[in-house]
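Participant: So I've got this file, protein-v8.txt, and it contains compact mmCIF, C-alpha atoms:
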```txt
# COMPACT_ATOMS: atom_id res chain seq x y z
CA MET A 1 -3.55 19.39 -21.29
CA ASN A 2 -2.30 16.31 -19.45
CA SER A 3 -4.16 13.02 -19.75
CA PRO A 4 -6.42 12.26 -16.80
CA ILE A 5 -4.86 9.71 -14.50
CA ARG A 6 -5.80 6.11 -15.08
CA GLY A 7 -6.83 3.78 -12.26
CA VAL A 8 -5.75 0.15 -12.47
CA VAL A 9 -7.38 -2.10 -9.88
CA VAL A 10 -5.48 -5.31 -9.16
CA GLY A 11 -6.99 -8.05 -7.05
CA HIS A 12 -7.48 -11.69 -6.25
CA GLY A 13 -10.14 -13.60 -8.16
CA ARG A 14 -12.94 -11.28 -9.28
CA VAL A 15 -12.44 -8.59 -6.63
CA ALA A 16 -11.14 -5.99 -9.09
CA GLU A 17 -13.83 -6.60 -11.66
CA ALA A 18 -16.56 -6.30 -9.03
CA LEU A 19 -15.12 -3.10 -7.54
CA VAL A 20 -14.75 -1.46 -10.93
CA ASP A 21 -18.24 -2.52 -11.95
CA ALA A 22 -19.71 -1.06 -8.76
CA ALA A 23 -17.71 2.18 -9.01
CA GLU A 24 -18.78 2.67 -12.62
CA GLY A 25 -22.39 1.88 -11.79
CA ILE A 26 -22.47 4.44 -8.98
CA SER A 27 -20.50 7.19 -10.72
CA GLY A 28 -21.41 6.76 -14.35
CA VAL A 29 -17.72 7.20 -15.19
CA THR A 30 -16.72 4.31 -17.41
CA ASP A 31 -13.38 5.26 -18.93
CA ALA A 32 -11.10 5.58 -15.92
CA LEU A 33 -10.74 2.23 -14.19
CA ILE A 34 -9.36 -1.02 -15.52
CA PRO A 35 -9.65 -4.25 -13.51
CA VAL A 36 -6.83 -6.79 -13.43
CA SER A 37 -7.18 -10.24 -11.88
CA ASN A 38 -4.33 -12.43 -10.69
CA ASP A 39 -6.26 -15.52 -11.75
CA GLY A 40 -4.16 -18.08 -13.57
CA CYS A 41 -0.92 -16.16 -13.77
CA ASP A 42 2.50 -16.14 -12.20
CA ARG A 43 4.16 -12.88 -11.24
CA ASP A 44 5.62 -12.20 -14.67
CA ARG A 45 2.26 -12.64 -16.37
CA LEU A 46 0.53 -10.53 -13.75
CA GLU A 47 3.13 -7.81 -14.27
CA ASP A 48 2.37 -7.95 -17.99
CA ARG A 49 -1.36 -7.62 -17.33
CA ILE A 50 -0.77 -4.57 -15.14
CA ALA A 51 1.54 -3.02 -17.73
CA GLU A 52 -1.04 -3.57 -20.47
CA ALA A 53 -3.66 -1.87 -18.31
CA ILE A 54 -1.39 1.10 -17.54
CA ASN A 55 -0.46 1.37 -21.22
CA GLY A 56 2.14 4.03 -20.58
CA LEU A 57 -0.27 6.48 -18.95
CA PRO A 58 0.16 8.09 -15.53
CA SER A 59 -1.66 5.71 -13.23
CA VAL A 60 -2.66 4.86 -9.73
CA VAL A 61 -2.46 1.10 -9.24
CA PHE A 62 -4.93 0.03 -6.58
CA VAL A 63 -4.10 -3.32 -4.96
CA ASP A 64 -6.45 -5.29 -2.73
CA LEU A 65 -4.03 -6.45 -0.02
CA PRO A 66 -1.00 -4.73 1.51
CA SER A 67 1.12 -7.79 0.74
CA GLY A 68 1.01 -10.83 -1.50
CA SER A 69 1.20 -11.59 -5.19
CA CYS A 70 -0.72 -8.59 -6.52
CA LEU A 71 1.37 -6.06 -4.61
CA LEU A 72 4.59 -7.84 -5.45
CA ALA A 73 3.79 -7.82 -9.15
CA ALA A 74 2.90 -4.13 -9.09
CA LEU A 75 6.01 -3.10 -7.18
CA HIS A 76 8.39 -5.41 -8.99
CA ARG A 77 7.68 -3.81 -12.35
CA PHE A 78 6.77 -0.24 -11.39
CA ARG A 79 8.58 0.54 -8.15
CA GLY A 80 10.30 3.89 -8.46
CA GLN A 81 8.50 4.95 -11.65
CA SER A 82 7.43 8.55 -11.21
CA ASP A 83 4.28 8.16 -13.29
CA VAL A 84 2.90 5.22 -11.30
CA LYS A 85 1.70 5.21 -7.69
CA VAL A 86 0.72 2.01 -5.92
CA VAL A 87 -2.01 2.18 -3.27
CA THR A 88 -2.96 -0.86 -1.19
CA GLY A 89 -6.18 -1.80 0.59
CA VAL A 90 -8.48 -0.63 -2.20
CA ASN A 91 -12.12 -0.13 -1.31
CA LEU A 92 -15.15 1.31 -3.07
CA ALA A 93 -15.00 4.68 -1.30
CA MET A 94 -11.42 5.07 -2.47
CA LEU A 95 -12.29 4.34 -6.09
CA LEU A 96 -15.23 6.74 -6.11
CA ASP A 97 -13.00 9.48 -4.71
CA PHE A 98 -10.43 8.72 -7.37
CA LEU A 99 -12.94 9.10 -10.18
CA PHE A 100 -13.62 12.70 -9.22
CA HIS A 101 -10.04 13.80 -8.51
CA ARG A 102 -8.19 12.56 -11.56
CA GLU A 103 -7.14 16.05 -12.56
CA LEU A 104 -4.93 16.41 -9.49
CA PRO A 105 -1.18 15.73 -9.73
CA LEU A 106 -0.48 12.02 -9.43
CA HIS A 107 1.04 12.15 -5.94
CA ASP A 108 -1.83 14.31 -4.68
CA VAL A 109 -4.56 12.07 -6.05
CA ALA A 110 -2.86 9.03 -4.48
CA GLU A 111 -2.70 10.74 -1.08
CA HIS A 112 -6.29 11.97 -1.46
CA VAL A 113 -7.75 8.54 -2.17
CA VAL A 114 -5.83 6.97 0.70
CA GLY A 115 -7.35 9.53 3.05
CA LYS A 116 -10.83 8.84 1.73
CA GLY A 117 -10.40 5.10 1.79
CA CYS A 118 -9.11 5.05 5.37
CA GLY A 119 -11.86 7.43 6.44
CA ALA A 120 -14.48 5.05 5.12
CA ILE A 121 -13.44 2.38 7.62
CA ARG A 122 -15.20 2.92 10.92
CA VAL A 123 -17.31 1.26 13.54
CA THR A 124 -20.85 2.63 13.71
CA MET B 1 9.71 -31.48 13.71
CA PRO B 2 10.59 -31.93 10.04
CA ILE B 3 9.67 -29.54 7.31
CA LEU B 4 6.00 -30.29 6.80
CA LEU B 5 5.49 -28.97 3.29
CA TYR B 6 7.80 -28.78 0.27
CA ARG B 7 5.88 -26.69 -2.22
CA ILE B 8 6.46 -25.54 -5.78
CA ASP B 9 4.55 -22.30 -6.31
CA ASP B 10 5.60 -19.54 -8.69
CA ARG B 11 3.87 -16.93 -6.53
CA LEU B 12 6.09 -17.99 -3.63
CA ILE B 13 4.62 -16.52 -0.43
CA HIS B 14 0.99 -15.52 -0.94
CA GLY B 15 -2.43 -16.07 0.56
CA GLN B 16 -2.79 -19.79 -0.20
CA VAL B 17 0.59 -20.43 1.38
CA VAL B 18 0.19 -18.30 4.49
CA ILE B 19 -3.49 -18.79 5.21
CA GLY B 20 -4.44 -21.95 3.31
CA TRP B 21 -1.50 -24.08 4.42
CA GLY B 22 0.34 -22.09 7.05
CA ARG B 23 -2.48 -21.86 9.55
CA PRO B 24 -3.69 -25.49 9.60
CA LEU B 25 -0.13 -26.81 9.65
CA GLY B 26 0.91 -24.37 12.36
CA ILE B 27 3.91 -23.25 10.32
CA GLU B 28 6.53 -21.39 12.34
CA PHE B 29 9.14 -20.76 9.65
CA ILE B 30 9.18 -20.59 5.88
CA VAL B 31 12.24 -21.17 3.73
CA LEU B 32 11.88 -19.31 0.43
CA VAL B 33 14.34 -20.62 -2.14
CA ASP B 34 14.76 -18.15 -4.99
CA SER B 35 18.02 -16.65 -6.21
CA GLU B 36 16.48 -13.34 -7.24
CA VAL B 37 14.65 -12.78 -3.98
CA SER B 38 17.61 -13.93 -1.90
CA ALA B 39 19.62 -11.11 -3.48
CA SER B 40 17.01 -8.37 -3.06
CA GLU B 41 16.44 -6.75 0.33
CA TRP B 42 13.31 -4.89 -0.72
CA GLU B 43 11.66 -8.00 -2.17
CA GLN B 44 12.47 -9.87 1.02
CA GLU B 45 10.76 -7.14 3.02
CA LEU B 46 7.66 -7.44 0.86
CA TYR B 47 7.51 -11.19 1.39
CA ARG B 48 8.01 -10.75 5.14
CA MET B 49 5.03 -8.39 5.16
CA ALA B 50 2.84 -11.24 3.92
CA VAL B 51 3.38 -13.48 6.95
CA PRO B 52 2.49 -13.11 10.63
CA GLN B 53 5.25 -11.65 12.77
CA ALA B 54 5.63 -14.92 14.66
CA VAL B 55 6.60 -16.75 11.47
CA GLU B 56 10.25 -16.46 10.48
CA VAL B 57 11.09 -16.26 6.78
CA VAL B 58 14.47 -17.56 5.65
CA PHE B 59 15.71 -16.56 2.18
CA ALA B 60 18.11 -18.78 0.29
CA ASP B 61 19.29 -19.69 -3.17
CA VAL B 62 19.44 -23.28 -4.36
CA GLU B 63 23.03 -23.86 -3.26
CA GLN B 64 22.32 -22.51 0.22
CA ALA B 65 19.25 -24.74 0.37
CA ARG B 66 21.25 -27.83 -0.55
CA THR B 67 23.72 -26.99 2.20
CA SER B 68 21.24 -26.06 4.90
CA LEU B 69 18.23 -28.30 4.30
CA THR B 70 19.25 -30.94 6.81
CA ASP B 71 19.62 -28.21 9.46
CA TRP B 72 16.18 -26.87 8.67
CA GLN B 73 14.79 -30.40 8.80
CA ALA B 74 16.28 -30.77 12.29
CA ASP B 75 14.75 -27.49 13.48
CA PRO B 76 12.26 -28.15 16.31
CA ARG B 77 9.83 -25.70 14.76
CA ARG B 78 7.26 -26.53 12.08
CA GLY B 79 8.58 -25.47 8.69
CA MET B 80 7.70 -25.09 5.02
CA LEU B 81 10.04 -24.87 2.03
CA LEU B 82 9.01 -23.04 -1.13
CA THR B 83 10.51 -22.90 -4.59
CA GLY B 84 9.13 -21.06 -7.58
CA THR B 85 10.04 -23.69 -10.14
CA VAL B 86 10.29 -27.44 -10.67
CA ASP B 87 13.92 -26.93 -11.66
CA SER B 88 14.81 -25.33 -8.33
CA MET B 89 13.21 -28.11 -6.30
CA ALA B 90 14.91 -30.72 -8.47
CA ALA B 91 18.25 -28.94 -8.08
CA ILE B 92 17.98 -29.05 -4.28
CA ARG B 93 17.57 -32.81 -4.38
CA GLY B 94 19.69 -33.58 -7.44
CA ASN B 95 23.08 -35.33 -7.49
CA GLY B 96 23.12 -36.56 -3.94
CA GLY B 97 21.40 -33.59 -2.35
CA PRO B 98 19.41 -33.81 0.86
CA THR B 99 16.36 -36.03 1.15
CA ILE B 100 12.96 -34.60 0.30
CA PRO B 101 10.07 -36.90 1.28
CA LYS B 102 7.14 -35.21 -0.48
CA ILE B 103 6.55 -32.41 -2.96
CA ASN B 104 3.39 -30.37 -3.27
CA LEU B 105 2.69 -28.80 -6.67
CA GLY B 106 0.80 -25.71 -5.59
CA GLY B 107 0.90 -23.25 -8.47
CA VAL B 108 2.78 -23.46 -11.74
CA HIS B 109 1.08 -21.11 -14.14
CA HIS B 110 0.95 -20.73 -17.87
CA ARG B 111 4.00 -19.83 -19.88
CA PRO B 112 4.84 -20.54 -23.50
CA GLY B 113 5.70 -24.20 -23.90
CA ARG B 114 3.70 -25.34 -20.91
CA ARG B 115 0.54 -27.41 -21.21
CA GLN B 116 -2.35 -27.27 -18.75
CA ARG B 117 -2.53 -30.26 -16.41
CA LEU B 118 -4.83 -28.69 -13.82
CA PRO B 119 -6.30 -25.18 -13.58
CA TYR B 120 -3.33 -24.19 -11.43
CA VAL B 121 -0.65 -26.47 -12.88
CA TYR B 122 0.93 -25.99 -16.31
CA LEU B 123 4.07 -27.97 -17.15
CA THR B 124 6.41 -28.37 -20.07
CA ASP B 125 7.22 -31.95 -21.02
CA GLU B 126 10.69 -31.39 -19.57
CA GLU B 127 9.25 -30.25 -16.25
CA TYR B 128 6.95 -33.27 -16.17
CA ARG B 129 9.87 -35.60 -16.86
CA ALA B 130 11.85 -33.90 -14.08
CA LEU B 131 8.99 -34.60 -11.69
CA ILE B 132 8.84 -38.22 -12.84
CA ALA B 133 12.55 -38.52 -12.10
CA LEU B 134 11.99 -37.13 -8.60
CA LYS B 135 9.17 -39.62 -8.08
CA GLU B 136 11.43 -42.47 -9.18
CA ASP B 137 13.91 -41.12 -6.65
CA GLY B 138 11.35 -42.00 -3.97
CA ILE B 139 9.61 -38.66 -3.52
CA GLU B 140 5.82 -38.63 -3.23
CA ILE B 141 4.48 -35.91 -5.55
CA THR B 142 0.95 -34.56 -5.62
CA ALA B 143 -0.73 -31.40 -6.86
CA GLN B 144 -2.95 -29.58 -4.38
CA ASP B 145 -3.45 -25.82 -4.25
CA VAL B 146 -5.07 -25.69 -0.80
CA PRO B 147 -5.60 -28.37 1.87
CA THR B 148 -9.36 -28.52 1.31
CA THR B 149 -9.01 -29.75 -2.29
CA ARG B 150 -8.12 -33.26 -3.44
CA ALA B 151 -4.46 -34.16 -3.72
CA VAL B 152 -3.93 -35.14 -7.37
CA ALA B 153 -1.33 -37.80 -8.10
CA LEU B 154 1.47 -37.01 -10.53
CA SER B 155 0.29 -39.81 -12.81
CA GLU B 156 -2.94 -37.90 -13.40
CA LEU B 157 -0.99 -34.96 -14.80
CA ALA B 158 0.52 -36.84 -17.75
```
Here is the file; what I need is its structure written in the form of structure tokens.
Facilitator:
Amino acid sequence: MNSPIRGVVVGHGRVAEALVDAAEGISGVTDALIPVSNDGCDRDRLEDRIAEAINGLPSVVFVDLPSGSCLLAALHRFRGQSDVKVVTGVNLAMLLDFLFHRELPLHDVAEHVVGKGCGAIRVT
Amino acid sequence: MPILLYRIDDRLIHGQVVIGWGRPLGIEFIVLVDSEVSASEWEQELYRMAVPQAVEVVFADVEQARTSLTDWQADPRRGMLLTGTVDSMAAIRGNGGPTIPKINLGGVHHRPGRRQRLPYVYLTDEEYRALIALKEDGIEITAQDVPTTRAVALSELA
């Protein structure tokens, strides 16, 4: 059986930690998401932090903004790697969806969470 | 309008640069001096994505920067020049290079051999001495991550 996909959440300041904490609190799933902050590091160090979080496992890397240092670090090290997908614009709905679809193939789970995350943005 | 900000920041174009400095200064073009990025189309595209469409991004290596800086300084638009390292900024100015009036230390993060000077500035002794040499060359040097924080004089980073 394949390992469930890991989620690595990369963000500015404490964004990733807060999102992971909230997702774990809501879902009760505590072994799937790893937060990574860009605090205090240049791109090389941030790449190292992301790599340590991925730890060689198939992963979705969730990034807070669709540009900037976090995305650059993720793409610089992992662009083109078949076992890593990078998804930008992470939100809580996206992470919750991820937690319950980790058995899907990597590409499918990435597409699924993007659909859920985009669908969560609306004017009411 | 001269280049308004000469910044050393190892994250190059990111939020502090675009939003923190770019908006209040009304920056209309950014010169990113980095040999690796200047040779990589896909990295350039990623950096372009980080700035508003109205802001032009020019990619250059150090030699191109030494050659073109006076042209950029004569550009009527409001500009910013970024390097990722102290060495790159020093190399632009060094050995009779173009004049640089001020340098902003915006983000030089931890690496082996560097010592913390501020939460966002870590320097080796060699890098600090290079900055001292630039100061003795007549360049005003301060550390300031965003415009709303205090500009810290180089002497306070010893």
Participant: Have a look at CA of Gly106 (chain B) and CA of Val20 (chain A) and let me know their distance in Å, one decimal.
Facilitator: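 Computed distance, CA of Gly106 (chain B) to CA of Val20 (chain A), equals 29.3 Å.
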Participant: Compute the chain B side of the contact with chain A at 9 Å, counting all atoms listed in the file, and hand it back as a ChimeraX atom specification.
Facilitator: /B:9-15,43,46-51,107-111,119-120
Participant: Hey, can I get the axis-aligned box for region 27-42 of chain A? All listed atoms, 5 Å padding on each side, centre and edge lengths in Å to one decimal, as lines of an AutoDock Vina configuration file.
Facilitator:
```
center_x = -9.5
center_y = -5.4
center_z = -14.8
size_x = 33.9
size_y = 35.3
size_z = 18.2
```
Participant: Which residues come within 7 Å of Ala65 (chain B), counting all atoms listed in the file, excluding same-chain residues fewer than 4 positions away, as an NGL selection string?
Facilitator: :B and (33 or 60-61 or 69 or 92)
Participant: For each of B:Asp87, B:Pro101, B:Arg7, B:Asp71, take the minimum atom-to-atom distance to Tyr128 (chain B), counting only C-alpha atoms, then give the residue where this is smallest.
Facilitator: B:Asp87
